[in-house]
Amino acid sequence: MNDLGRLALTLLVASLGGYLGYKAKIPAGTMLGALLFTVLLNLIAGQSFVPAGIRPWLQMCSGAMLGAGIRRRDVKELKLLILPGLIMIVLMMVMNVLFGYLMFRFSHLDLATALLAAAPGGMTDMALIAGDLGGDPMPVTLLHLARLLIIYALLPIIFTRLQKYQNAHHLAERCRPQNERTSVQGKKPEPTAIVSGRRQVTAALLMTLGAAAAGGILLWQLGVNAGAMIGAMLGVAALNLTTGKALRPVKLRTAVQVMAGAFIGQNMTRDNIGQMAGLVIPLLIMVVSVVAFIAVISLSLIVLSRMDRVTCVLMSAPGGLQEVSLMALDLNADAPKVMVMQTTRLMVVIALFPSLLTTAAGLLGD
């Protein structure tokens, strides 16, 4: 089967998985279902395929949807993210060194490879850095892929429990006097601009996609990490703040979620599973590290900030920027704040972790 046929088959299978995940009412079920079905297709038939060149365009679409949700209130509240950002960065660095060292001590991995495998950065970025710092890119790639799959397996369980808590909280709120009630988010949502009429909708959609393409292509071509997504978000946010006419079509969000799930799922092959058999101990440590990352950082954010639990959990999840931001949209979290914190995490990892890992390797190495 040629690449076009494999792509069509992958999208068909991913769409079926996304539809079933959505109907099953699994948190972020569209993307998770698409991911799972794509992995199964790859393991059974070895035919999953999504071209690598589609990644920046997916990021632009994701950034456009996030930017369309940014309002003036969100800009004013950015100062509230300073303390959570500092908390996340400090805890992230400490836990990265701790779990990376554990991988080094209890497996055959060298220290540089272990520290990079435990780093909460992007799979591709960490694999590229591994070559520069003397690590082995293949174990780094496989362990980061496993980390993403672990996160997407854990988050539905976490959010099911959070939804039970928030439903109970809503019930308690309805039982209180009207003048004492507060929303879960602490504030009432601002009204959004309503665009009526087919021509107005088409014009607004074209403006949104144009702003996303302009910002995304600019930062992408400048070589900024995750630049396509960040630039698209900034471009559409600027459009929304100035005109209030940016659109976030539901069908586009669903399509991006299916494509994102397929894009991630195609990386899990039979060869990868065979190689992971030799990484059992690092994989077990990776499971513990992911749970610890989410638990420690999200609980710290919940206690020390005024943000809701779902938003704090998504902020702390060491997953992909695009995928976690899409989950934020799907789970009615504060998506702009999640995007800002995930972007901060990514930028800190890329900017500071090479120096941190070099220093840690010098201090901890034999």
# chains A, B, ... in the order shown; residues from 1 in each chain; ligands from 1
call {"tool": "closest_atom_pairs", "arguments": {"of": "stretch 232-273 of chain A", "to": "stretch 139-146 of chain A", "cutoff": "10 Å", "atoms": "only C-alpha atoms", "output": "CSV"}}
result
residue,atom,partner,partner_atom,distance
A:Ile264,CA,A:Leu145,CA,8.3
A:Gly265,CA,A:Leu145,CA,9.4
A:Asn267,CA,A:Leu145,CA,7.8
A:Met268,CA,A:Leu145,CA,7.8
A:Asn272,CA,A:Leu142,CA,6.9
A:Ile273,CA,A:Leu142,CA,8.9
call {"tool": "residues_around", "arguments": {"residues": "A:Arg345", "least_positions_apart": "6", "cutoff": "8 Å", "atoms": "only C-alpha atoms", "output": "VMD selection string"}}
result
chain A and resid 88 to 89 120 to 121
call {"tool": "closest_residue", "arguments": {"among": "A:Gly261, A:Gly29, A:Pro51, A:Pro56", "to": "A:Leu7", "atoms": "only C-alpha atoms"}}
result
A:Pro51
call {"tool": "closest_residue", "arguments": {"among": "A:Ala52, A:Val287, A:Leu149, A:Ala246", "to": "A:Leu36", "atoms": "only C-alpha atoms"}}
result
A:Leu149
